[in-house]
file start-v4.csv (CSV, C-alpha atoms)
chain,number,residue,atom,x,y,z
A,243,MET,CA,0.0,0.0,0.0
A,244,LYS,CA,2.8,2.3,0.9
A,245,CYS,CA,4.4,1.8,-2.6
A,246,VAL,CA,1.0,2.5,-4.3
A,247,SER,CA,0.6,5.7,-2.3
A,248,VAL,CA,4.1,6.9,-3.3
A,249,LEU,CA,3.3,6.2,-6.9
A,250,VAL,CA,0.0,8.1,-6.8
A,251,PHE,CA,1.7,11.0,-5.2
A,252,ALA,CA,4.4,11.1,-7.9
A,253,LEU,CA,1.8,11.0,-10.6
A,254,LEU,CA,-0.1,13.9,-9.0
A,255,VAL,CA,3.0,16.0,-8.8
A,256,ALA,CA,3.9,15.4,-12.5
A,257,GLY,CA,0.3,16.3,-13.5
A,258,CYS,CA,0.5,19.6,-11.6
A,259,ALA,CA,3.8,20.4,-13.2
A,260,CYS,CA,2.4,19.9,-16.7
A,261,LEU,CA,-0.6,22.1,-15.9
A,262,GLY,CA,1.6,24.8,-14.7
A,263,GLY,CA,4.2,24.7,-17.5
A,264,CYS,CA,2.9,23.0,-20.6
A,265,ASP,CA,1.6,26.3,-22.1
A,266,GLN,CA,4.5,28.5,-21.2
A,267,LYS,CA,6.3,28.1,-24.6
A,268,SER,CA,4.9,29.9,-27.5
A,269,PRO,CA,5.8,29.0,-31.1
A,270,THR,CA,8.4,31.1,-32.9
A,271,ALA,CA,8.9,32.0,-36.5
A,272,ALA,CA,10.4,28.6,-37.2
A,273,GLY,CA,7.4,26.7,-35.9
A,274,GLY,CA,4.6,29.2,-35.9
A,275,THR,CA,4.0,32.9,-35.4
A,276,LYS,CA,5.5,35.4,-33.0
A,277,SER,CA,3.4,37.8,-31.0
A,278,ALA,CA,2.6,41.2,-32.5
A,279,SER,CA,4.9,43.0,-30.2
A,280,GLN,CA,7.8,40.8,-31.4
A,281,SER,CA,7.0,41.0,-35.1
A,282,ALA,CA,5.9,44.4,-36.4
A,283,GLY,CA,8.3,44.0,-39.3
A,284,PRO,CA,9.8,46.7,-41.6
A,285,THR,CA,6.8,47.4,-43.9
A,286,GLY,CA,4.4,49.0,-41.5
A,287,THR,CA,2.9,48.8,-38.0
A,288,ALA,CA,0.0,47.0,-36.5
A,289,ALA,CA,-2.6,48.7,-34.3
A,290,SER,CA,-3.8,46.9,-31.2
A,291,GLY,CA,-1.2,44.1,-31.7
A,292,ALA,CA,-2.7,42.8,-35.0
A,293,ALA,CA,0.3,41.6,-37.0
A,294,SER,CA,2.5,38.6,-37.3
A,295,ASN,CA,6.1,38.2,-38.6
A,296,SER,CA,4.7,38.0,-42.1
A,297,GLY,CA,2.9,41.3,-41.6
A,298,VAL,CA,-0.6,39.9,-42.2
A,299,ALA,CA,-1.8,37.2,-39.9
A,300,ALA,CA,-3.4,39.0,-37.0
A,301,PRO,CA,-4.7,36.9,-34.1
A,302,PRO,CA,-8.5,36.4,-33.9
A,303,VAL,CA,-10.2,39.1,-31.9
A,304,SER,CA,-12.9,38.5,-29.4
A,305,GLY,CA,-16.6,39.3,-29.6
A,306,ALA,CA,-17.9,41.4,-32.5
A,307,VAL,CA,-14.6,43.2,-33.1
A,308,LYS,CA,-13.7,43.1,-36.9
A,309,ARG,CA,-10.2,43.0,-38.4
A,310,VAL,CA,-9.6,45.6,-41.1
A,311,ALA,CA,-6.4,45.6,-43.0
A,312,VAL,CA,-5.2,49.0,-44.4
A,313,VAL,CA,-2.8,48.5,-47.4
A,314,PRO,CA,-1.1,51.7,-48.6
A,315,LYS,CA,1.1,52.0,-51.7
A,316,GLY,CA,4.1,52.5,-49.5
A,317,THR,CA,5.1,53.2,-45.9
A,318,THR,CA,8.0,55.7,-46.2
A,319,HIS,CA,6.4,59.0,-47.3
A,320,GLU,CA,4.7,61.4,-44.9
A,321,TYR,CA,1.5,61.0,-46.9
A,322,TRP,CA,1.1,57.4,-46.0
A,323,LYS,CA,1.9,58.1,-42.4
A,324,SER,CA,-1.0,60.6,-42.4
A,325,ILE,CA,-3.2,57.9,-44.0
A,326,HIS,CA,-2.2,55.6,-41.1
A,327,ALA,CA,-3.0,58.3,-38.6
A,328,GLY,CA,-6.5,58.8,-40.1
A,329,ALA,CA,-7.1,55.0,-40.0
A,330,ARG,CA,-6.1,54.8,-36.3
A,331,LYS,CA,-8.4,57.8,-35.5
A,332,ALA,CA,-11.3,55.9,-37.1
A,333,GLU,CA,-10.3,52.7,-35.1
A,334,ARG,CA,-10.5,54.7,-31.8
A,335,GLU,CA,-13.6,56.7,-32.5
A,336,LEU,CA,-15.8,54.1,-34.3
A,337,GLY,CA,-15.1,51.1,-32.1
A,338,GLY,CA,-15.7,47.5,-33.0
A,339,ILE,CA,-12.8,47.3,-35.4
A,340,GLN,CA,-9.1,46.5,-35.2
A,341,ILE,CA,-6.7,48.0,-37.7
A,342,THR,CA,-3.6,46.4,-39.3
A,343,PHE,CA,-1.5,48.7,-41.4
A,344,ARG,CA,0.8,47.0,-43.9
A,345,GLY,CA,2.2,48.0,-47.3
A,346,PRO,CA,5.3,47.7,-49.5
A,347,ALA,CA,8.4,49.7,-48.4
A,348,LYS,CA,8.7,51.1,-51.9
A,349,GLU,CA,6.0,52.4,-54.1
A,350,ASP,CA,6.9,50.4,-57.1
A,351,ASP,CA,6.7,46.9,-55.6
A,352,ARG,CA,3.5,45.6,-57.2
A,353,GLU,CA,4.4,42.0,-56.5
A,354,GLN,CA,4.7,42.6,-52.8
A,355,GLN,CA,1.4,44.4,-52.7
A,356,ILE,CA,-0.3,41.5,-54.6
A,357,ALA,CA,1.3,38.9,-52.3
A,358,LEU,CA,0.1,40.9,-49.3
A,359,MET,CA,-3.4,41.0,-50.6
A,360,GLU,CA,-3.3,37.2,-51.2
A,361,ASN,CA,-2.1,36.7,-47.6
A,362,LEU,CA,-4.8,38.9,-46.1
A,363,ILE,CA,-7.5,37.0,-48.0
A,364,SER,CA,-6.1,33.6,-46.8
A,365,SER,CA,-5.9,35.0,-43.3
A,366,ARG,CA,-9.7,35.8,-43.5
A,367,TYR,CA,-9.6,39.4,-42.6
A,368,ASP,CA,-13.0,40.9,-42.3
A,369,ALA,CA,-12.4,43.9,-44.7
A,370,ILE,CA,-9.5,45.4,-46.6
A,371,VAL,CA,-8.8,49.1,-47.4
A,372,LEU,CA,-6.4,49.2,-50.4
A,373,ALA,CA,-4.5,52.0,-52.2
A,374,PRO,CA,-3.6,50.1,-55.4
A,375,LEU,CA,-0.1,50.5,-56.8
A,376,ASP,CA,-1.3,49.6,-60.2
A,377,ASP,CA,-4.8,50.2,-61.6
A,378,ARG,CA,-4.8,46.9,-63.5
A,379,ALA,CA,-2.4,44.6,-61.6
A,380,LEU,CA,-4.5,44.8,-58.4
A,381,VAL,CA,-7.8,44.0,-60.1
A,382,GLY,CA,-7.3,40.2,-59.7
A,383,PRO,CA,-6.6,40.3,-55.9
A,384,VAL,CA,-9.5,42.6,-55.3
A,385,ARG,CA,-11.9,40.3,-57.1
A,386,SER,CA,-10.4,37.3,-55.2
A,387,ALA,CA,-11.3,39.2,-52.0
A,388,ARG,CA,-14.8,39.8,-53.3
A,389,ASP,CA,-15.2,36.1,-54.1
A,390,ALA,CA,-14.1,35.3,-50.6
A,391,LYS,CA,-16.8,37.6,-49.2
A,392,ILE,CA,-14.2,40.1,-47.9
A,393,PRO,CA,-15.3,43.6,-48.8
A,394,VAL,CA,-12.7,46.0,-50.2
A,395,VAL,CA,-12.6,49.8,-50.0
A,396,ILE,CA,-10.3,51.4,-52.6
A,397,MET,CA,-8.6,54.6,-51.5
A,398,ASP,CA,-6.3,57.3,-53.0
A,399,SER,CA,-5.8,55.8,-56.4
A,400,GLY,CA,-8.4,54.2,-58.8
A,401,LEU,CA,-8.8,50.7,-60.1
A,402,GLU,CA,-10.0,49.4,-63.5
A,403,ALA,CA,-13.0,47.7,-61.8
A,404,LYS,CA,-16.5,48.6,-60.8
A,405,ALA,CA,-17.6,50.2,-57.5
A,406,GLY,CA,-20.5,48.4,-56.0
A,407,GLU,CA,-19.6,45.2,-57.8
A,408,ASP,CA,-15.9,44.5,-57.5
A,409,TYR,CA,-15.3,46.7,-54.5
A,410,ALA,CA,-17.6,48.6,-52.1
A,411,SER,CA,-16.4,52.3,-52.4
A,412,PHE,CA,-13.7,54.5,-53.8
A,413,VAL,CA,-12.5,57.1,-51.2
A,414,ALA,CA,-10.1,59.7,-52.8
A,415,THR,CA,-9.3,63.2,-53.9
A,416,ASP,CA,-10.6,64.6,-57.1
A,417,ASN,CA,-7.1,64.3,-58.6
A,418,GLU,CA,-7.9,65.7,-62.0
A,419,LYS,CA,-9.2,68.9,-60.3
A,420,GLY,CA,-6.0,69.1,-58.3
A,421,GLY,CA,-4.0,69.0,-61.4
A,422,ARG,CA,-6.1,71.7,-62.9
A,423,LEU,CA,-5.5,73.9,-59.9
A,424,ALA,CA,-1.8,73.5,-60.4
A,425,GLY,CA,-2.0,74.3,-64.1
A,426,GLU,CA,-4.1,77.4,-63.6
A,427,ARG,CA,-1.9,78.7,-60.8
A,428,LEU,CA,1.3,78.2,-62.9
A,429,GLY,CA,-0.3,79.9,-65.9
A,430,GLU,CA,-1.2,82.9,-63.8
A,431,LEU,CA,2.3,83.1,-62.2
A,432,LEU,CA,3.9,83.1,-65.7
A,433,LYS,CA,1.4,85.6,-67.0
A,434,GLY,CA,0.5,83.1,-69.8
A,435,ARG,CA,4.1,82.9,-71.2
A,436,GLY,CA,7.1,80.6,-71.0
A,437,LYS,CA,8.4,77.1,-71.2
A,438,VAL,CA,6.9,74.6,-68.6
A,439,VAL,CA,8.3,71.2,-67.7
A,440,LEU,CA,6.2,68.3,-66.4
A,441,LEU,CA,7.9,65.5,-64.5
A,442,ARG,CA,5.5,62.6,-64.3
A,443,TYR,CA,5.4,60.1,-61.4
A,444,GLN,CA,5.0,56.4,-62.3
A,445,GLU,CA,3.2,54.3,-65.0
A,446,GLY,CA,0.1,52.5,-63.7
A,447,SER,CA,-0.6,55.1,-60.9
A,448,ALA,CA,-4.1,56.2,-61.6
A,449,SER,CA,-4.2,59.1,-59.1
A,450,THR,CA,-1.1,60.8,-60.4
A,451,ALA,CA,-2.0,60.2,-64.1
A,452,LEU,CA,-5.2,62.1,-63.4
A,453,ARG,CA,-3.3,64.9,-61.8
A,454,GLU,CA,-1.0,65.1,-64.8
A,455,LYS,CA,-4.0,65.1,-67.1
A,456,GLY,CA,-5.7,67.9,-65.2
A,457,PHE,CA,-2.5,69.9,-65.3
A,458,VAL,CA,-2.0,69.5,-69.1
A,459,ASP,CA,-5.6,70.4,-69.8
A,460,ALA,CA,-5.4,73.5,-67.7
A,461,LEU,CA,-2.2,74.7,-69.5
A,462,ALA,CA,-3.9,74.2,-72.8
A,463,GLY,CA,-5.8,77.4,-72.0
A,464,PHE,CA,-2.6,79.4,-72.1
A,465,LYS,CA,-1.7,79.6,-75.8
A,466,ASP,CA,1.7,81.2,-75.2
A,467,ILE,CA,2.9,78.6,-72.7
A,468,GLN,CA,5.0,75.8,-74.2
A,469,LEU,CA,4.6,72.5,-72.4
A,470,ILE,CA,7.6,70.2,-72.3
A,471,ASP,CA,6.4,66.7,-71.5
A,472,PRO,CA,8.8,63.9,-72.7
A,473,LYS,CA,6.9,61.4,-70.5
A,474,ARG,CA,9.8,61.3,-68.0
A,475,PHE,CA,8.9,59.4,-64.9
A,476,ALA,CA,10.3,60.2,-61.4
A,477,GLY,CA,9.9,56.7,-60.0
A,478,PRO,CA,9.1,55.7,-56.4
A,479,THR,CA,11.7,57.5,-54.3
A,480,ARG,CA,13.2,60.9,-53.7
A,481,ASP,CA,16.5,59.7,-55.1
A,482,THR,CA,15.0,58.4,-58.4
A,483,ALA,CA,13.0,61.6,-58.7
A,484,GLN,CA,16.1,63.8,-58.2
A,485,GLN,CA,18.0,61.8,-60.9
A,486,ALA,CA,15.1,62.1,-63.3
A,487,ALA,CA,14.7,65.8,-62.6
A,488,GLU,CA,18.4,66.4,-63.1
A,489,ASN,CA,18.3,64.7,-66.5
A,490,LEU,CA,15.2,66.7,-67.5
A,491,LEU,CA,16.6,70.0,-66.4
A,492,SER,CA,19.9,69.4,-68.2
A,493,ASN,CA,18.0,69.4,-71.5
A,494,HIS,CA,15.8,72.4,-70.8
A,495,ALA,CA,17.9,75.1,-69.1
A,496,ASP,CA,15.6,78.0,-70.2
A,497,LEU,CA,12.4,76.7,-68.4
A,498,ALA,CA,10.1,79.1,-66.6
A,499,GLY,CA,7.9,76.7,-64.7
A,500,VAL,CA,7.7,73.1,-63.3
A,501,PHE,CA,5.0,70.8,-62.1
A,502,CYS,CA,5.4,67.5,-60.2
A,503,PRO,CA,2.4,65.3,-59.2
A,504,ASN,CA,3.3,63.8,-55.8
A,505,GLU,CA,5.4,64.2,-52.7
A,506,SER,CA,8.5,62.3,-53.8
A,507,SER,CA,8.7,63.8,-57.3
A,508,THR,CA,8.2,67.3,-55.9
A,509,PHE,CA,11.0,66.7,-53.3
A,510,GLY,CA,13.4,65.3,-56.0
A,511,MET,CA,12.7,68.2,-58.3
A,512,MET,CA,13.3,70.7,-55.4
A,513,LEU,CA,16.8,69.1,-54.8
A,514,ALA,CA,17.6,69.3,-58.5
A,515,LEU,CA,16.6,72.9,-58.8
A,516,ARG,CA,18.7,73.7,-55.8
A,517,SER,CA,21.7,72.0,-57.2
A,518,ARG,CA,21.4,74.1,-60.4
A,519,GLY,CA,20.8,77.4,-58.5
A,520,LEU,CA,17.3,77.6,-59.9
A,521,ALA,CA,15.3,77.2,-56.7
A,522,GLY,CA,13.2,80.3,-56.2
A,523,LYS,CA,13.9,81.5,-59.8
A,524,VAL,CA,11.5,79.1,-61.5
A,525,ALA,CA,7.8,78.9,-60.8
A,526,PHE,CA,7.3,75.5,-59.2
A,527,LEU,CA,4.1,73.8,-58.3
A,528,GLY,CA,4.0,70.5,-56.5
A,529,PHE,CA,1.5,68.0,-55.1
A,530,ASP,CA,1.2,66.8,-51.5
A,531,SER,CA,3.3,68.1,-48.6
A,532,SER,CA,6.0,67.3,-46.0
A,533,ALA,CA,7.8,69.4,-43.5
A,534,GLU,CA,10.7,69.9,-45.9
A,535,LEU,CA,8.4,71.0,-48.7
A,536,VAL,CA,6.4,73.4,-46.5
A,537,ASP,CA,9.7,74.9,-45.4
A,538,ALA,CA,10.8,75.3,-49.0
A,539,MET,CA,7.5,77.0,-49.8
A,540,ARG,CA,8.0,79.5,-46.9
A,541,LYS,CA,11.4,80.3,-48.3
A,542,GLY,CA,9.9,81.0,-51.8
A,543,GLU,CA,11.5,77.9,-53.4
A,544,ILE,CA,8.1,76.4,-54.1
A,545,SER,CA,5.3,78.5,-55.5
A,546,GLY,CA,2.5,76.4,-54.3
A,547,LEU,CA,1.4,72.9,-53.2
A,548,VAL,CA,-1.8,71.2,-54.2
A,549,VAL,CA,-2.7,69.3,-51.1
A,550,GLN,CA,-5.1,66.5,-50.2
A,551,ASN,CA,-6.3,65.6,-46.7
A,552,PRO,CA,-4.8,62.2,-46.2
A,553,ILE,CA,-5.8,62.0,-42.5
A,554,ARG,CA,-9.4,62.5,-43.6
A,555,MET,CA,-8.9,60.0,-46.4
A,556,GLY,CA,-7.6,57.3,-44.1
A,557,TYR,CA,-10.5,58.0,-41.6
A,558,LEU,CA,-13.3,57.9,-44.2
A,559,ALA,CA,-11.9,54.8,-46.0
A,560,VAL,CA,-11.9,52.8,-42.7
A,561,LYS,CA,-15.3,54.2,-41.8
A,562,ALA,CA,-16.6,53.0,-45.2
A,563,ALA,CA,-15.3,49.5,-44.4
A,564,ALA,CA,-16.9,49.6,-41.0
A,565,ASP,CA,-20.2,50.6,-42.5
A,566,VAL,CA,-20.1,47.8,-45.0
A,567,LEU,CA,-19.4,45.3,-42.3
A,568,ALA,CA,-22.3,46.7,-40.2
A,569,GLY,CA,-24.6,46.4,-43.2
A,570,ARG,CA,-25.0,50.1,-43.6
A,571,PRO,CA,-25.0,51.6,-47.2
A,572,VAL,CA,-22.0,53.4,-48.5
A,573,GLU,CA,-21.5,55.8,-51.4
A,574,PRO,CA,-19.7,54.3,-54.4
A,575,ARG,CA,-17.5,57.5,-54.6
A,576,ILE,CA,-16.4,59.6,-51.6
A,577,ASP,CA,-14.5,62.8,-52.4
A,578,THR,CA,-12.1,63.8,-49.6
A,579,GLY,CA,-11.3,67.3,-51.0
A,580,VAL,CA,-8.3,69.1,-52.5
A,581,GLN,CA,-6.9,72.7,-52.3
A,582,LEU,CA,-4.1,74.9,-53.4
A,583,ILE,CA,-1.9,76.3,-50.6
A,584,THR,CA,0.6,79.1,-51.3
A,585,LYS,CA,3.0,81.2,-49.2
A,586,GLU,CA,0.2,83.7,-48.8
A,587,ASN,CA,-2.4,81.4,-47.2
A,588,MET,CA,-0.1,78.7,-45.6
A,589,ASP,CA,-0.6,80.1,-42.1
A,590,THR,CA,-4.3,80.0,-42.0
A,591,PRO,CA,-5.8,77.5,-39.5
A,592,GLU,CA,-7.3,75.5,-42.3
A,593,SER,CA,-3.9,75.2,-44.1
A,594,LYS,CA,-2.0,74.4,-40.9
A,595,GLU,CA,-4.4,71.6,-40.1
A,596,ILE,CA,-3.3,69.9,-43.3
A,597,LEU,CA,0.3,71.0,-43.6
A,598,SER,CA,1.3,70.3,-40.0
A,599,PRO,CA,-0.8,67.5,-38.5
A,600,ASP,CA,0.2,66.1,-35.1
A,601,LEU,CA,0.9,62.6,-36.4
A,602,LYS,CA,2.4,61.4,-33.1
A,603,SER,CA,-0.7,62.1,-31.2
A,604,LEU,CA,-3.0,60.7,-33.9
A,605,LEU,CA,-0.9,57.5,-34.1
A,606,GLY,CA,-0.9,57.2,-30.3
A,607,SER,CA,2.9,57.4,-30.0
call {"tool": "encode", "arguments": {"input": "start-v4.csv", "output": "structure tokens"}}
result
Amino acid sequence: MKCVSVLVFALLVAGCACLGGCDQKSPTAAGGTKSASQSAGPTGTAASGAASNSGVAAPPVSGAVKRVAVVPKGTTHEYWKSIHAGARKAERELGGIQITFRGPAKEDDREQQIALMENLISSRYDAIVLAPLDDRALVGPVRSARDAKIPVVIMDSGLEAKAGEDYASFVATDNEKGGRLAGERLGELLKGRGKVVLLRYQEGSASTALREKGFVDALAGFKDIQLIDPKRFAGPTRDTAQQAAENLLSNHADLAGVFCPNESSTFGMMLALRSRGLAGKVAFLGFDSSAELVDAMRKGEISGLVVQNPIRMGYLAVKAAADVLAGRPVEPRIDTGVQLITKENMDTPESKEILSPDLKSLLGS
């Protein structure tokens, strides 16, 4: 009996040890997924701990909370950080949703954005907000999400697909109008005369293509302005934009004005104009803003910036996704506004709100 009692006691001790320690080891990247705090990764951040080492597989959330993935074109430029801030603002204010923010590091990595979409679909996210890098290449992944009953809201840049059928809503600036504002302003500054250079952004980018179209159409109203448009593309980074701008300026030293259709192309052109001693001597209209571009405008190196409201865009895109998930109707097209800011009006409260947002506060950091 004594031997039996000892044996029973040993078994009980072993059982307690297992109950207390069997669940203490969590899987790692080699055999599973790390926690969100360990694996935010280089291509974005996850709100509320909603990301794995792959950048997509958020853990299931409790109750009625829905997982919404926000997929920008890139994660480097200030513009996308503002989009992220707006998405986080929506997460906090709307409730019932959990945001994951993931995108390519560079704005020309279509393959990475497509792969990310495929992973989000296989991870069964409840909804996806997407800024497509290419208006055609991302059609397939968006339709795959639709077939998987995962609603998609398109933001910032258009897609060659149908709102209300392939995706729920398109939340964006009136980009063609923004381009027209730049063209009209440049024509006025030049008093309708001179040679103007257009540095385009990137093939397949629907938003910037519309800005370029609006700009070209507006300049057509000034018969004595000569538009130089060799279809030169700035590419995805400030460095590629500066190189393209240098090449363009070397062939057109007598230019009177310049237009660039996004943040990185505007920044690259600014650096190229500085290197040639032309900053402040050439009428220069850009699109989007950053602290450096705002400072250059204050110094007179930039004549004006056409600005969107990316915080509002991120907010409204996530709100549209939340509405779809809740069964509420959404408009197929939601316009987030666009305006021209110059040195003369840059210090108004309305301009400051867009040019100098408190991203740290909005992102909760």
call {"tool": "closest_residue", "arguments": {"input": "start-v4.csv", "among": "A:Leu441, A:Ala564, A:Val413, A:Leu372", "to": "Glu335 of chain A", "atoms": "only C-alpha atoms"}}
result
A:Ala564
call {"tool": "closest_residue", "arguments": {"input": "start-v4.csv", "among": "A:Gly542, A:Pro552, A:Gly337, A:Gly519", "to": "Glu320 of chain A", "atoms": "all atoms listed in the file"}}
result
A:Pro552
call {"tool": "residues_around", "arguments": {"input": "start-v4.csv", "residues": "Ser447 of chain A", "least_positions_apart": "2", "cutoff": "12 Å", "atoms": "only C-alpha atoms", "output": "VMD selection string"}}
result
chain A and resid 315 349 to 350 352 373 to 380 398 to 402 417 442 to 445 449 to 454 475 477 to 478 503 to 504
call {"tool": "atom_distance", "arguments": {"input": "start-v4.csv", "atom1": "atom CA of Ser545 of chain A", "atom2": "atom CA of Phe526 of chain A"}}
result
5.2 Å
call {"tool": "atom_distance", "arguments": {"input": "start-v4.csv", "atom1": "atom CA of Gly328 of chain A", "atom2": "atom CA of Met512 of chain A"}}
result
27.7 Å
call {"tool": "residues_near_point", "arguments": {"input": "start-v4.csv", "point": "(-1.0, 76.7, -47.9)", "cutoff": "10 Å", "atoms": "all atoms listed in the file", "output": "PyMOL selection string"}}
result
chain A and resi 531+536+539-540+546-549+581-597
call {"tool": "closest_residue", "arguments": {"input": "start-v4.csv", "among": "A:Val580, A:Ala498, A:Ile470, A:Ile325", "to": "Glu418 of chain A", "atoms": "all atoms listed in the file"}}
result
A:Val580
call {"tool": "atom_distance", "arguments": {"input": "start-v4.csv", "atom1": "atom CA of Leu515 of chain A", "atom2": "atom CA of Phe529 of chain A"}}
result
16.3 Å
call {"tool": "build_atoms", "arguments": {"input": "start-v4.csv", "residues": "segment 496-520 of chain A", "atoms": "N, CA and C atoms", "output": "tab-separated table (two decimals), in the coordinates of the input"}}
result
chain	number	residue	atom	x	y	z
A	496	ASP	N	16.29	76.71	-70.09
A	496	ASP	CA	15.60	78.00	-70.20
A	496	ASP	C	14.11	77.86	-69.72
A	497	LEU	N	13.82	76.90	-68.86
A	497	LEU	CA	12.40	76.70	-68.40
A	497	LEU	C	12.00	77.85	-67.52
A	498	ALA	N	10.65	78.08	-67.50
A	498	ALA	CA	10.10	79.10	-66.60
A	498	ALA	C	9.25	78.52	-65.51
A	499	GLY	N	8.78	77.28	-65.70
A	499	GLY	CA	7.90	76.70	-64.70
A	499	GLY	C	8.03	75.16	-64.67
A	500	VAL	N	7.64	74.56	-63.54
A	500	VAL	CA	7.70	73.10	-63.30
A	500	VAL	C	6.50	72.63	-62.57
A	501	PHE	N	6.03	71.42	-62.89
A	501	PHE	CA	5.00	70.80	-62.10
A	501	PHE	C	5.37	69.33	-61.81
A	502	CYS	N	5.17	68.89	-60.56
A	502	CYS	CA	5.40	67.50	-60.20
A	502	CYS	C	4.12	67.01	-59.43
A	503	PRO	N	3.69	65.75	-59.67
A	503	PRO	CA	2.40	65.30	-59.20
A	503	PRO	C	2.27	64.56	-57.89
A	504	ASN	N	3.37	64.44	-57.13
A	504	ASN	CA	3.30	63.80	-55.80
A	504	ASN	C	4.40	64.24	-54.93
A	505	GLU	N	4.42	63.75	-53.69
A	505	GLU	CA	5.40	64.20	-52.70
A	505	GLU	C	6.84	63.91	-53.11
A	506	SER	N	7.12	62.67	-53.49
A	506	SER	CA	8.50	62.30	-53.80
A	506	SER	C	9.03	62.96	-55.04
A	507	SER	N	8.21	63.08	-56.08
A	507	SER	CA	8.70	63.80	-57.30
A	507	SER	C	8.89	65.25	-57.04
A	508	THR	N	8.04	65.85	-56.21
A	508	THR	CA	8.20	67.30	-55.90
A	508	THR	C	9.50	67.47	-55.09
A	509	PHE	N	9.78	66.58	-54.14
A	509	PHE	CA	11.00	66.70	-53.30
A	509	PHE	C	12.25	66.52	-54.21
A	510	GLY	N	12.24	65.51	-55.09
A	510	GLY	CA	13.40	65.30	-56.00
A	510	GLY	C	13.63	66.46	-56.89
A	511	MET	N	12.55	67.06	-57.41
A	511	MET	CA	12.70	68.20	-58.30
A	511	MET	C	13.26	69.41	-57.49
A	512	MET	N	12.80	69.58	-56.25
A	512	MET	CA	13.30	70.70	-55.40
A	512	MET	C	14.83	70.56	-55.23
A	513	LEU	N	15.32	69.35	-54.98
A	513	LEU	CA	16.80	69.10	-54.80
A	513	LEU	C	17.50	69.43	-56.11
A	514	ALA	N	16.92	69.01	-57.23
A	514	ALA	CA	17.60	69.30	-58.50
A	514	ALA	C	17.63	70.75	-58.85
A	515	LEU	N	16.55	71.49	-58.56
A	515	LEU	CA	16.60	72.90	-58.80
A	515	LEU	C	17.58	73.62	-57.90
A	516	ARG	N	17.70	73.17	-56.66
A	516	ARG	CA	18.70	73.70	-55.80
A	516	ARG	C	20.12	73.51	-56.29
A	517	SER	N	20.36	72.30	-56.78
A	517	SER	CA	21.70	72.00	-57.20
A	517	SER	C	22.12	72.79	-58.44
A	518	ARG	N	21.14	73.33	-59.18
A	518	ARG	CA	21.40	74.10	-60.40
A	518	ARG	C	21.25	75.63	-60.11
A	519	GLY	N	21.00	76.00	-58.86
A	519	GLY	CA	20.80	77.40	-58.50
A	519	GLY	C	19.53	77.99	-59.07
A	520	LEU	N	18.53	77.12	-59.33
A	520	LEU	CA	17.30	77.60	-59.90
A	520	LEU	C	16.13	77.66	-58.89
